[in-house]
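Next comes structure.txt, a file with compact mmCIF, C-alpha atoms.
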# COMPACT_ATOMS: atom_id res chain seq x y z
CA MET A 162 5.06 -12.66 -17.21
CA ILE A 163 4.09 -10.85 -20.41
CA PHE A 164 4.08 -7.24 -19.26
CA ALA A 165 6.66 -5.66 -17.00
CA LEU A 166 5.70 -4.39 -13.58
CA THR A 167 4.95 -0.77 -12.85
CA PRO A 168 7.71 0.33 -10.48
CA SER A 169 7.12 1.78 -7.03
CA GLN A 170 7.63 5.36 -5.86
CA THR A 171 7.47 6.98 -2.43
CA VAL A 172 4.18 8.11 -0.88
CA GLY A 173 5.97 11.40 -0.16
CA PRO A 174 5.10 13.83 2.60
CA TYR A 175 1.56 14.70 1.52
CA PHE A 176 -0.31 11.39 1.29
CA ALA A 177 -2.50 12.49 4.19
CA ILE A 178 -4.59 14.63 1.82
CA GLY A 179 -5.75 11.47 0.07
CA LEU A 180 -5.24 8.18 1.84
CA PRO A 181 -6.24 8.11 5.53
CA TRP A 182 -9.90 8.21 6.43
CA PRO A 183 -11.59 8.38 9.85
CA GLY A 184 -12.65 4.73 9.86
CA GLY A 185 -9.26 3.52 8.66
CA PRO A 186 -7.89 2.34 12.00
CA TYR A 187 -10.87 0.01 12.55
CA ALA A 188 -10.17 -3.43 11.11
CA VAL A 189 -13.27 -4.42 13.06
CA ALA A 190 -16.26 -2.34 14.08
CA PRO A 191 -15.99 -0.75 17.54
CA GLY A 192 -17.94 -2.68 20.14
CA THR A 193 -17.36 -6.08 18.52
CA ASP A 194 -16.84 -8.87 21.05
CA GLY A 195 -13.17 -9.63 21.45
CA ALA A 196 -11.99 -6.39 19.82
CA LEU A 197 -8.56 -5.34 20.99
CA THR A 198 -6.14 -2.53 20.31
CA ILE A 199 -2.70 -3.04 18.84
CA ARG A 200 -0.40 -0.09 19.34
CA GLY A 201 3.23 0.90 19.15
CA THR A 202 5.75 3.39 17.83
CA ILE A 203 7.62 3.52 14.53
CA TYR A 204 11.28 4.61 14.76
CA ASP A 205 13.81 5.68 12.13
CA GLY A 206 17.51 4.79 12.12
CA ALA A 207 18.34 7.56 14.60
CA GLY A 208 15.82 6.16 17.07
CA THR A 209 13.48 9.09 16.42
CA PRO A 210 9.74 8.41 16.10
CA ILE A 211 8.62 8.85 12.48
CA PRO A 212 5.97 11.59 12.40
CA ASP A 213 4.79 10.99 8.83
CA TYR A 214 4.02 7.38 7.99
CA LEU A 215 1.29 5.29 6.44
CA LEU A 216 0.71 1.90 8.03
CA GLU A 217 -1.64 -0.75 6.66
CA THR A 218 -2.57 -4.10 8.14
CA TRP A 219 -4.26 -7.18 6.67
CA GLN A 220 -5.28 -10.34 8.51
CA ALA A 221 -7.64 -13.25 8.94
CA ASP A 222 -10.55 -13.28 11.35
CA PRO A 223 -10.46 -15.49 14.47
CA SER A 224 -11.56 -18.49 12.39
CA GLY A 225 -8.77 -17.99 9.86
CA ARG A 226 -10.98 -16.54 7.14
CA PHE A 227 -10.49 -13.30 5.20
CA ALA A 228 -12.90 -10.47 4.42
CA ASP A 229 -11.78 -10.33 0.79
CA LEU A 230 -14.07 -10.09 -2.20
CA TRP A 231 -12.55 -13.03 -3.92
CA ALA A 232 -13.67 -15.88 -1.72
CA HIS A 233 -10.21 -17.30 -1.32
CA ALA A 234 -10.99 -18.88 1.96
CA GLY A 235 -14.45 -18.23 3.15
CA PRO A 236 -15.10 -15.37 3.12
CA SER A 237 -15.29 -14.16 6.67
CA GLU A 238 -18.85 -14.17 7.94
CA LEU A 239 -18.08 -11.95 10.89
CA ALA A 240 -20.20 -8.81 10.74
CA GLY A 241 -18.15 -5.67 10.98
CA PHE A 242 -14.86 -7.42 10.29
CA ARG A 243 -12.84 -5.77 7.51
CA GLY A 244 -9.45 -7.23 8.41
CA PHE A 245 -7.78 -4.18 6.91
CA ALA A 246 -6.65 -1.11 8.81
CA ARG A 247 -5.01 2.03 7.49
CA ILE A 248 -3.37 4.50 9.85
CA GLY A 249 -1.71 7.60 8.42
CA HIS A 250 -0.33 10.69 10.06
CA GLU A 251 1.18 13.83 8.58
CA ASP A 252 2.96 14.98 11.72
CA GLY A 253 2.10 12.67 14.55
CA ASP A 254 4.26 11.48 17.41
CA GLY A 255 5.27 8.26 15.68
CA THR A 256 2.72 6.14 17.48
CA PHE A 257 0.00 4.05 15.86
CA GLU A 258 -2.99 2.12 17.07
CA PHE A 259 -5.71 0.12 15.42
CA LEU A 260 -8.69 -1.90 16.57
CA THR A 261 -8.99 -5.50 15.46
CA LEU A 262 -9.66 -9.08 16.46
CA LYS A 263 -6.90 -11.53 17.13
CA PRO A 264 -6.51 -13.57 13.95
CA GLY A 265 -6.81 -17.33 13.93
CA PRO A 266 -4.27 -19.69 12.39
CA VAL A 267 -4.35 -19.93 8.58
CA ALA A 268 -3.44 -22.73 6.20
CA LEU A 269 0.02 -22.81 4.67
CA ALA A 270 0.48 -23.44 0.96
CA GLY A 271 2.59 -26.53 1.49
CA GLY A 272 0.40 -27.97 4.24
CA GLY A 273 0.55 -27.17 7.91
CA VAL A 274 -0.62 -24.13 9.74
CA ALA A 275 0.75 -20.62 10.18
CA ALA A 276 0.72 -19.12 13.65
CA PRO A 277 -1.72 -16.20 14.05
CA HIS A 278 -0.23 -13.18 12.35
CA ILE A 279 -1.06 -9.82 10.81
CA ASP A 280 0.66 -8.58 7.64
CA VAL A 281 1.91 -4.99 7.81
CA SER A 282 2.84 -2.56 5.03
CA LEU A 283 4.79 0.53 5.99
CA PHE A 284 5.14 3.55 3.71
CA ALA A 285 6.68 6.98 4.31
CA ARG A 286 8.51 9.88 2.79
CA GLY A 287 12.06 8.66 2.30
CA MET A 288 10.86 5.15 1.48
CA LEU A 289 10.87 4.42 -2.25
CA GLY A 290 8.81 1.29 -1.72
CA ARG A 291 6.81 -0.36 1.02
CA CYS A 292 8.41 -2.33 3.81
CA VAL A 293 6.53 -5.49 4.74
CA THR A 294 6.62 -7.07 8.16
CA ARG A 295 4.35 -9.23 10.29
CA ILE A 296 2.89 -9.02 13.75
CA TYR A 297 2.90 -12.29 15.67
CA PHE A 298 1.70 -12.69 19.25
CA ALA A 299 4.13 -13.43 22.07
CA ASP A 300 1.44 -15.34 23.98
CA GLU A 301 1.01 -17.89 21.15
CA GLU A 302 4.10 -19.79 22.17
CA ALA A 303 3.12 -23.22 20.86
CA ALA A 304 1.84 -21.93 17.52
CA ASN A 305 4.85 -19.65 17.10
CA ALA A 306 7.23 -22.53 17.79
CA ALA A 307 5.67 -24.47 14.90
CA ASP A 308 5.54 -21.55 12.45
CA PRO A 309 7.91 -21.99 9.49
CA VAL A 310 8.26 -18.27 8.79
CA LEU A 311 9.30 -17.53 12.35
CA ALA A 312 11.64 -20.51 12.17
CA SER A 313 13.32 -18.91 9.12
CA VAL A 314 14.08 -15.75 11.08
CA PRO A 315 17.35 -15.76 13.05
CA GLU A 316 16.43 -16.46 16.64
CA ALA A 317 18.03 -13.29 17.96
CA ARG A 318 15.72 -11.17 15.76
CA ARG A 319 12.49 -13.13 16.19
CA ASN A 320 11.32 -11.03 19.12
CA THR A 321 11.04 -7.97 16.83
CA LEU A 322 7.95 -9.64 15.33
CA LEU A 323 6.23 -10.50 18.62
CA ALA A 324 3.52 -8.25 20.04
CA ARG A 325 3.38 -8.25 23.83
CA ALA A 326 0.05 -8.56 25.62
CA VAL A 327 -1.08 -5.48 27.55
CA ALA A 328 -4.32 -4.67 29.37
CA ASP A 329 -6.47 -3.84 26.32
CA GLY A 330 -4.57 -5.58 23.57
CA TYR A 331 -1.00 -5.79 22.35
CA GLU A 332 2.04 -3.58 21.86
CA ILE A 333 4.74 -3.77 19.20
CA ASP A 334 7.24 -1.22 17.91
CA PHE A 335 8.76 -1.05 14.45
CA ARG A 336 12.38 0.03 14.01
CA LEU A 337 13.64 0.68 10.50
CA GLN A 338 17.34 0.48 11.41
CA GLY A 339 19.73 0.02 14.25
CA PRO A 340 19.57 -2.01 17.47
CA GLY A 341 16.43 -4.13 17.42
CA GLU A 342 15.82 -3.48 13.72
CA THR A 343 12.47 -5.02 12.80
CA VAL A 344 12.54 -8.04 10.53
CA PHE A 345 11.23 -7.05 7.09
CA PHE A 346 10.22 -9.58 4.45
CA ALA A 347 10.55 -10.01 0.72
CA ILE A 348 7.18 -11.28 -0.46
CA MET B 26 -13.76 -15.19 21.88
CA ALA B 27 -10.77 -14.74 19.65
CA ASP B 28 -8.90 -17.66 21.02
CA SER B 29 -10.62 -20.73 22.41
CA ASP B 30 -8.61 -23.79 23.32
CA ASP B 31 -11.74 -25.82 23.99
CA GLU B 32 -12.37 -26.87 20.42
CA PRO B 33 -10.03 -27.66 17.57
CA ARG B 34 -9.41 -24.77 15.24
CA ARG B 35 -10.70 -25.35 11.73
CA ILE B 36 -8.22 -24.45 9.03
CA TYR B 37 -9.58 -23.02 5.79
CA ALA B 38 -7.74 -23.75 2.57
CA PRO B 39 -7.64 -21.57 -0.55
CA VAL B 40 -10.09 -22.28 -3.37
CA VAL B 41 -8.43 -23.53 -6.50
CA ASP B 42 -9.28 -20.91 -9.14
CA THR B 43 -7.45 -18.00 -7.54
CA PRO B 44 -3.70 -17.45 -7.60
CA THR B 45 -1.92 -19.31 -4.85
CA SER B 46 1.13 -17.12 -5.25
CA TYR B 47 2.26 -13.97 -7.03
CA ASP B 48 5.22 -13.69 -9.35
CA ARG B 49 8.43 -12.52 -7.68
CA ASP B 50 10.22 -11.91 -10.98
CA GLY B 51 10.72 -8.25 -11.77
CA GLU B 52 10.67 -7.12 -8.17
CA ASP B 53 14.18 -5.82 -8.74
CA LEU B 54 12.73 -3.19 -11.08
CA HIS B 55 11.51 -1.29 -8.04
CA PRO B 56 13.83 1.40 -6.74
CA PRO B 57 16.22 0.47 -3.93
CA LEU B 58 15.16 1.49 -0.43
CA ASP B 59 18.68 2.81 0.19
CA TYR B 60 19.21 5.56 -2.40
CA PRO B 61 21.59 8.28 -1.16
CA ALA B 62 20.63 10.87 -3.80
CA TYR B 63 17.20 10.99 -2.13
CA LYS B 64 18.45 12.06 1.27
CA SER B 65 15.44 11.08 3.37
CA THR B 66 16.08 7.42 2.56
CA ARG B 67 19.16 7.46 4.81
CA LEU B 68 17.45 6.75 8.13
CA ARG B 69 14.37 5.12 6.63
CA HIS B 70 15.53 1.88 5.04
CA PRO B 71 16.20 -1.48 6.67
CA LYS B 72 19.91 -2.32 6.83
CA GLN B 73 19.44 -6.03 7.49
CA PRO B 74 18.64 -8.17 4.46
CA LEU B 75 14.97 -8.84 3.79
CA ILE B 76 13.87 -12.33 4.74
CA TYR B 77 12.15 -14.45 2.09
CA LEU B 78 8.48 -14.90 2.95
CA PRO B 79 6.72 -17.85 1.34
CA GLN B 80 3.36 -16.47 0.19
CA GLY B 81 0.41 -17.86 2.09
CA LEU B 82 -3.26 -17.01 2.36
CA THR B 83 -2.55 -13.68 4.01
CA GLU B 84 -0.49 -12.56 1.02
CA VAL B 85 -2.78 -13.84 -1.77
CA THR B 86 -5.91 -12.30 -0.28
CA GLY B 87 -6.60 -8.58 -0.02
CA PRO B 88 -9.09 -6.08 1.32
CA ALA B 89 -12.42 -5.52 -0.39
CA LEU B 90 -12.50 -1.75 -0.35
CA GLY B 91 -14.30 0.12 -3.08
CA SER B 92 -17.82 -0.09 -1.75
CA ALA B 93 -20.08 2.89 -1.14
CA GLU B 94 -18.37 3.17 2.24
CA VAL B 95 -15.38 4.90 0.73
CA LEU B 96 -16.72 6.29 -2.54
CA GLY B 97 -18.58 9.55 -3.10
CA LYS B 98 -20.21 10.55 -6.37
CA LEU B 99 -17.59 13.15 -7.31
CA ASP B 100 -14.60 11.32 -5.92
CA ASN B 101 -13.16 10.80 -9.40
CA ASP B 102 -13.67 14.41 -10.52
CA LEU B 103 -11.21 16.59 -8.65
CA THR B 104 -12.38 19.71 -10.52
CA ARG B 105 -15.90 19.59 -9.13
CA GLN B 106 -15.51 18.77 -5.44
CA HIS B 107 -16.22 22.36 -4.35
CA ASP B 108 -18.65 25.20 -5.13
CA GLY B 109 -16.52 26.51 -7.99
CA GLU B 110 -14.42 24.78 -10.60
CA ALA B 111 -10.74 24.13 -9.92
CA ILE B 112 -8.29 26.44 -11.70
CA GLY B 113 -5.74 24.98 -14.07
CA GLU B 114 -5.24 22.97 -17.21
CA ARG B 115 -8.18 20.52 -17.09
CA ILE B 116 -7.16 16.98 -17.99
CA THR B 117 -8.55 13.50 -17.84
CA VAL B 118 -6.31 10.69 -16.64
CA THR B 119 -7.40 7.21 -17.56
CA GLY B 120 -5.94 3.77 -17.95
CA ARG B 121 -6.28 0.15 -16.96
CA VAL B 122 -5.10 -1.74 -13.93
CA LEU B 123 -3.80 -5.08 -15.18
CA ASP B 124 -1.61 -7.84 -13.90
CA THR B 125 1.61 -8.75 -15.68
CA GLU B 126 -0.27 -11.44 -17.61
CA GLY B 127 -2.47 -8.69 -19.05
CA LYS B 128 -5.52 -9.70 -17.06
CA PRO B 129 -7.66 -6.72 -16.00
CA LEU B 130 -8.15 -6.19 -12.28
CA ARG B 131 -11.82 -5.39 -11.84
CA ASN B 132 -13.46 -3.56 -8.99
CA THR B 133 -10.20 -2.58 -7.39
CA LEU B 134 -9.61 0.71 -5.61
CA VAL B 135 -7.47 3.41 -7.25
CA GLU B 136 -6.60 6.42 -5.09
CA ILE B 137 -4.75 9.54 -6.21
CA TRP B 138 -3.44 12.73 -4.62
CA GLN B 139 -1.62 15.67 -6.12
CA ALA B 140 -0.57 19.34 -5.95
CA ASN B 141 -2.76 21.99 -7.56
CA ALA B 142 -1.98 23.71 -10.85
CA ALA B 143 0.42 26.09 -9.09
CA GLY B 144 2.38 23.24 -7.51
CA ARG B 145 0.91 23.64 -4.02
CA TYR B 146 -0.51 20.82 -1.90
CA ARG B 147 -3.43 21.47 0.39
CA HIS B 148 -1.35 20.35 3.32
CA ARG B 149 -0.07 22.35 6.27
CA TRP B 150 3.47 21.16 5.77
CA ASP B 151 3.63 22.60 2.26
CA ARG B 152 5.12 26.08 2.64
CA PHE B 153 5.76 26.73 -1.06
CA PRO B 154 4.57 30.34 -1.57
CA ALA B 155 2.26 29.46 -4.44
CA PRO B 156 -1.49 30.05 -4.25
CA LEU B 157 -3.90 27.53 -2.81
CA ASP B 158 -7.04 27.00 -4.85
CA PRO B 159 -10.14 27.05 -2.63
CA ASN B 160 -11.83 24.83 -5.20
CA PHE B 161 -9.21 22.12 -5.32
CA SER B 162 -8.46 19.55 -2.62
CA GLY B 163 -6.26 17.30 -4.73
CA ALA B 164 -7.52 13.85 -3.69
CA GLY B 165 -9.56 11.37 -5.71
CA ARG B 166 -10.60 7.74 -5.76
CA CYS B 167 -12.50 5.32 -7.92
CA VAL B 168 -12.86 1.61 -8.54
CA THR B 169 -11.99 -0.04 -11.83
CA ASP B 170 -14.70 -1.29 -14.19
CA ASP B 171 -15.01 -4.75 -15.76
CA GLU B 172 -12.10 -4.00 -18.10
CA GLY B 173 -9.92 -2.77 -15.26
CA ARG B 174 -10.31 0.83 -16.38
CA TYR B 175 -10.24 3.86 -14.12
CA ARG B 176 -10.80 7.50 -15.03
CA PHE B 177 -10.18 10.79 -13.25
CA VAL B 178 -10.90 14.39 -14.19
CA THR B 179 -8.43 16.79 -12.62
CA VAL B 180 -6.07 19.66 -13.37
CA LYS B 181 -2.45 19.16 -14.35
CA PRO B 182 -0.35 19.57 -11.20
CA GLY B 183 2.48 22.09 -11.20
CA PRO B 184 6.10 21.32 -10.36
CA TYR B 185 7.22 22.40 -6.91
CA PRO B 186 10.45 22.93 -4.96
CA TRP B 187 11.63 20.65 -2.18
CA GLY B 188 14.55 20.60 0.19
CA ASN B 189 16.52 17.59 -1.00
CA HIS B 190 19.32 19.65 -2.56
CA TYR B 191 20.02 23.14 -3.90
CA ASN B 192 17.37 24.24 -6.42
CA ALA B 193 15.53 20.91 -6.18
CA TRP B 194 12.17 20.70 -7.97
CA ARG B 195 9.84 17.76 -8.37
CA PRO B 196 8.55 17.15 -11.88
CA SER B 197 4.75 17.42 -12.16
CA HIS B 198 3.30 14.17 -10.86
CA ILE B 199 0.16 12.50 -9.52
CA HIS B 200 0.51 9.98 -6.70
CA PHE B 201 -1.28 6.66 -7.29
CA SER B 202 -2.19 4.04 -4.70
CA LEU B 203 -3.35 0.58 -5.85
CA LEU B 204 -4.74 -2.16 -3.65
CA GLY B 205 -4.93 -4.79 -6.37
CA ARG B 206 -6.71 -7.94 -5.29
CA ALA B 207 -4.04 -9.31 -2.98
CA PHE B 208 -1.73 -8.00 -0.29
CA ALA B 209 1.14 -9.14 -2.54
CA GLN B 210 -0.01 -6.74 -5.30
CA ARG B 211 -0.13 -3.56 -3.22
CA LEU B 212 1.60 -0.68 -5.01
CA VAL B 213 2.12 3.03 -4.43
CA THR B 214 3.63 4.92 -7.34
CA GLN B 215 3.61 8.24 -9.22
CA LEU B 216 2.44 9.26 -12.69
CA TYR B 217 4.63 11.73 -14.58
CA PHE B 218 3.88 13.79 -17.68
CA PRO B 219 5.67 13.36 -21.01
CA GLY B 220 8.60 15.62 -21.81
CA ASP B 221 9.07 17.10 -18.36
CA PRO B 222 12.35 19.09 -18.35
CA LEU B 223 12.91 18.20 -14.66
CA PHE B 224 13.33 14.46 -15.27
CA PRO B 225 17.17 14.53 -15.39
CA PHE B 226 17.35 16.30 -12.04
CA ASP B 227 14.83 14.36 -9.94
CA PRO B 228 16.33 11.67 -7.70
CA ILE B 229 12.95 10.10 -7.00
CA PHE B 230 12.20 9.53 -10.71
CA ASN B 231 15.79 8.42 -11.33
CA SER B 232 15.81 6.04 -8.37
CA ILE B 233 14.42 3.48 -10.83
CA ALA B 234 17.63 2.26 -12.44
CA ASP B 235 16.05 0.55 -15.43
CA VAL B 236 15.30 3.21 -18.06
CA ALA B 237 12.40 1.30 -19.60
CA ALA B 238 10.85 0.75 -16.17
CA ARG B 239 11.21 4.43 -15.37
CA GLU B 240 9.53 5.40 -18.63
CA ARG B 241 6.53 3.28 -17.68
CA LEU B 242 5.70 5.93 -15.08
CA VAL B 243 5.36 8.56 -17.81
CA ALA B 244 1.77 8.88 -19.01
CA ARG B 245 1.01 8.95 -22.75
CA PHE B 246 -0.72 11.95 -24.22
CA SER B 247 -3.73 10.75 -26.21
CA ILE B 248 -5.23 13.01 -28.87
CA GLU B 249 -7.83 10.31 -29.58
CA ARG B 250 -9.14 10.35 -26.02
CA SER B 251 -8.82 14.11 -25.57
CA ILE B 252 -12.25 15.72 -25.59
CA PRO B 253 -12.66 18.57 -28.11
CA ASP B 254 -13.17 21.98 -26.55
CA TRP B 255 -12.87 20.52 -23.07
CA ALA B 256 -9.85 18.54 -21.85
CA LEU B 257 -6.61 16.86 -22.87
CA CYS B 258 -6.26 13.20 -21.97
CA PHE B 259 -3.31 11.33 -20.51
CA GLU B 260 -3.27 7.54 -20.43
CA PHE B 261 -1.50 5.54 -17.74
CA ASP B 262 -1.77 1.76 -17.52
CA ILE B 263 -0.62 0.14 -14.30
CA PHE B 264 0.74 -3.40 -14.14
CA LEU B 265 0.63 -5.21 -10.81
CA ARG B 266 2.20 -8.57 -10.09
CA GLY B 267 0.65 -11.53 -11.85
CA PRO B 268 0.18 -15.11 -10.65
CA GLY B 269 3.30 -17.00 -9.78
CA ALA B 270 4.41 -20.08 -11.64
CA THR B 271 2.29 -23.11 -10.81
CA PRO B 272 4.55 -25.78 -9.40
CA PHE B 273 2.60 -28.64 -11.04
CA GLU B 274 1.12 -27.81 -14.44
CA GLU B 275 -1.68 -30.14 -15.51
CA SER B 276 -1.50 -31.27 -19.10
CA PRO B 277 -4.69 -30.74 -21.13

Rewrite the structure of this file - the entire thing - as structure tokens.
Amino acid sequence: MIFALTPSQTVGPYFAIGLPWPGGPYAVAPGTDGALTIRGTIYDGAGTPIPDYLLETWQADPSGRFADLWAHAGPSELAGFRGFARIGHEDGDGTFEFLTLKPGPVALAGGGVAAPHIDVSLFARGMLGRCVTRIYFADEEAANAADPVLASVPEARRNTLLARAVADGYEIDFRLQGPGETVFFAI
Amino acid sequence: MADSDDEPRRIYAPVVDTPTSYDRDGEDLHPPLDYPAYKSTRLRHPKQPLIYLPQGLTEVTGPALGSAEVLGKLDNDLTRQHDGEAIGERITVTGRVLDTEGKPLRNTLVEIWQANAAGRYRHRWDRFPAPLDPNFSGAGRCVTDDEGRYRFVTVKPGPYPWGNHYNAWRPSHIHFSLLGRAFAQRLVTQLYFPGDPLFPFDPIFNSIADVAARERLVARFSIERSIPDWALCFEFDIFLRGPGATPFEESP
């Protein structure tokens, strides 16, 4: 490291004038085969839904490839797949939803395979930096059992990372504090 | 379609000439998530320790935004997004997005949002009784060029009151959002202006404990880049995380 990092600051209460856009919640184009909705609610430490949050997601496509410009791993050849969703509300009811495809497994740096997962960044007024978590899928039992990141999470807290299958997709809530506090990661 | 058990899943590995990890050193320069002087942090920070996440493909890749999909022609000129010109002290804000090795980050999205010259945001939650400017929305975006440079034309935002404590005012600032080239580089921060008398009283600015790190959020006034008879210029370089140490260095 030659230069020091630029430090983080909060997104504040007014990010909605700049960051969200109508297509933001579509990590994949509507109508794509296999598209599913992931939804949930974000709670603060008092158990109250957070009305003003910015949520971003980033993930591989079903073949484990990414829609990034830099050709790290492919790139994804799936038309309409962006792999990135941004959901932001200024005074919502604390719920979020985005449309995506279920990601495939991706290679791990040290060999092996990571269970299907979606990276999540959470920003809000009152948060001086982002909180990072992951969405895993409760119905990927075998893959989850072999995933080293999940294995590093205390067993009693692992379920906070697991999205449950529902009719049109999956559900997962994020809790910043208190009973059932979501596991957040240092990356 | 997303999940077929009939055929083995093919696993794609990273190509070799891109970072396989991002430096974790210096992460402690960021402000703490639990910072009592900024009261809204109280119910909005995790209380359990963060769990170490080994960086994998998902963290070293990042979204490819910055195409025509999200960019309009006047997106980087906040003074000309309406029929009339925005009111206020016209300024240009420019700088480079680099990693901590000094390498420019090209073609990466830079997004900003800010109050108008009177300190009022165009947002229904902002009840500060200062005038709205019908010719100023306060949001801009651009992508960096081959040298990692971005440039905005805007008006200098005013300070404004907030409810954190008695007589609380935010120093003038512009919010910046950076995607970088990898999920691990994502950063949201704020630009401040040199010499602001509100610095000693602002818990958000002072949440960064390291004085030198805090000062890096203060833009530099540049007389050289100011445009005669038109606009003052402020420069603000942004440093995102660089590549992590390579575990096995090859000798030349």

May I have a table of the residues of chain A lying at most 7 Å from chain B, giving each one's closest pair of atoms and their distance in Å to one decimal, counting all atoms listed in the file, ordered by chain and ascending residue number, as JSON lines?
{"residue": "A:Met162", "atom": "CA", "partner": "B:Thr125", "partner_atom": "CA", "distance": 5.4}
{"residue": "A:Ile163", "atom": "CA", "partner": "B:Glu126", "partner_atom": "CA", "distance": 5.2}
{"residue": "A:Phe164", "atom": "CA", "partner": "B:Thr125", "partner_atom": "CA", "distance": 4.6}
{"residue": "A:Ala165", "atom": "CA", "partner": "B:Thr125", "partner_atom": "CA", "distance": 6.1}
{"residue": "A:Leu166", "atom": "CA", "partner": "B:Phe264", "partner_atom": "CA", "distance": 5.1}
{"residue": "A:Thr167", "atom": "CA", "partner": "B:Phe264", "partner_atom": "CA", "distance": 5.1}
{"residue": "A:Pro168", "atom": "CA", "partner": "B:His55", "partner_atom": "CA", "distance": 4.8}
{"residue": "A:Ser169", "atom": "CA", "partner": "B:Thr214", "partner_atom": "CA", "distance": 4.7}
{"residue": "A:Gln170", "atom": "CA", "partner": "B:Thr214", "partner_atom": "CA", "distance": 4.3}
{"residue": "A:Thr171", "atom": "CA", "partner": "B:Thr214", "partner_atom": "CA", "distance": 6.6}
{"residue": "A:Val172", "atom": "CA", "partner": "B:Val213", "partner_atom": "CA", "distance": 6.5}
{"residue": "A:Tyr175", "atom": "CA", "partner": "B:His148", "partner_atom": "CA", "distance": 6.6}
{"residue": "A:Phe176", "atom": "CA", "partner": "B:Trp138", "partner_atom": "CA", "distance": 6.8}
{"residue": "A:Ile178", "atom": "CA", "partner": "B:Ala164", "partner_atom": "CA", "distance": 6.3}
{"residue": "A:Gly179", "atom": "CA", "partner": "B:Ala164", "partner_atom": "CA", "distance": 4.8}
{"residue": "A:Gly195", "atom": "CA", "partner": "B:Met26", "partner_atom": "CA", "distance": 5.6}
{"residue": "A:Asp205", "atom": "CA", "partner": "B:Leu68", "partner_atom": "CA", "distance": 5.5}
{"residue": "A:Gly206", "atom": "CA", "partner": "B:Leu68", "partner_atom": "CA", "distance": 4.4}
{"residue": "A:Ala207", "atom": "CA", "partner": "B:Leu68", "partner_atom": "CA", "distance": 6.6}
{"residue": "A:Gln220", "atom": "CA", "partner": "B:Thr83", "partner_atom": "CA", "distance": 6.2}
{"residue": "A:Pro223", "atom": "CA", "partner": "B:Ala27", "partner_atom": "CA", "distance": 5.2}
{"residue": "A:Ser224", "atom": "CA", "partner": "B:Arg35", "partner_atom": "CA", "distance": 6.9}
{"residue": "A:Gly225", "atom": "CA", "partner": "B:Tyr37", "partner_atom": "CA", "distance": 6.5}
{"residue": "A:Arg226", "atom": "CA", "partner": "B:Tyr37", "partner_atom": "CA", "distance": 6.8}
{"residue": "A:Ala228", "atom": "CA", "partner": "B:Pro88", "partner_atom": "CA", "distance": 6.6}
{"residue": "A:Asp229", "atom": "CA", "partner": "B:Ala89", "partner_atom": "CA", "distance": 5.0}
{"residue": "A:Leu230", "atom": "CA", "partner": "B:Ala89", "partner_atom": "CA", "distance": 5.2}
{"residue": "A:His233", "atom": "CA", "partner": "B:Pro39", "partner_atom": "CA", "distance": 5.0}
{"residue": "A:Ala234", "atom": "CA", "partner": "B:Pro39", "partner_atom": "CA", "distance": 5.0}
{"residue": "A:Phe245", "atom": "CA", "partner": "B:Pro88", "partner_atom": "CA", "distance": 6.0}
{"residue": "A:Leu262", "atom": "CA", "partner": "B:Ala27", "partner_atom": "CA", "distance": 6.6}
{"residue": "A:Lys263", "atom": "CA", "partner": "B:Ala27", "partner_atom": "CA", "distance": 5.6}
{"residue": "A:Val267", "atom": "CA", "partner": "B:Ile36", "partner_atom": "CA", "distance": 6.0}
{"residue": "A:Ala268", "atom": "CA", "partner": "B:Ala38", "partner_atom": "CA", "distance": 5.7}
{"residue": "A:Leu269", "atom": "CA", "partner": "B:Gly81", "partner_atom": "CA", "distance": 5.6}
{"residue": "A:Ala270", "atom": "CA", "partner": "B:Gly81", "partner_atom": "CA", "distance": 5.7}
{"residue": "A:Gly287", "atom": "CA", "partner": "B:Thr66", "partner_atom": "CA", "distance": 4.2}
{"residue": "A:Met288", "atom": "CA", "partner": "B:Thr66", "partner_atom": "CA", "distance": 5.8}
{"residue": "A:Leu289", "atom": "CA", "partner": "B:Leu58", "partner_atom": "CA", "distance": 5.5}
{"residue": "A:Gly290", "atom": "CA", "partner": "B:Leu58", "partner_atom": "CA", "distance": 6.5}
{"residue": "A:Val310", "atom": "CA", "partner": "B:Leu78", "partner_atom": "CA", "distance": 6.7}
{"residue": "A:Leu337", "atom": "CA", "partner": "B:Pro71", "partner_atom": "CA", "distance": 5.1}
{"residue": "A:Gln338", "atom": "CA", "partner": "B:Pro71", "partner_atom": "CA", "distance": 5.3}
{"residue": "A:Phe345", "atom": "CA", "partner": "B:Leu75", "partner_atom": "CA", "distance": 5.3}
{"residue": "A:Phe346", "atom": "CA", "partner": "B:Ile76", "partner_atom": "CA", "distance": 4.6}
{"residue": "A:Ala347", "atom": "CA", "partner": "B:Tyr77", "partner_atom": "CA", "distance": 4.9}
{"residue": "A:Ile348", "atom": "CA", "partner": "B:Leu78", "partner_atom": "CA", "distance": 5.1}

What is the CA of Asp334 in chain A to CA of Leu134 in chain B distance in Å?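 Interatomic distance, CA of Asp334 in chain A to CA of Leu134 in chain B: 29.0 Å.
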
Of A:Ala326, A:Val344, A:Ala221, A:Ala317, the one nearest to Ala188 in chain A when counting only C-alpha atoms is A:Ala221

With distances taken over only C-alpha atoms, which of B:Lys98, B:Arg250, B:Arg152, B:Arg195 is nearest to Thr117 in chain B? B:Arg250

Using all atoms listed in the file, which protein or nucleic acid residues come within 7 Å of Arg336 in chain A? Drop anything in the same chain fewer than 4 positions from it, and give the result as a list in words.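 Those residues are Ile203, Tyr204, Asp205, Gly341, Glu342 and Thr343 of chain A.
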
Residues proximal to (-8.9, 18.8, -24.8) were defined as those with any atom within 12 Å of that point in the file's coordinates, counting only C-alpha atoms. Which are they, as an NGL selection string? :B and (114-118 or 178 or 180 or 246-259)
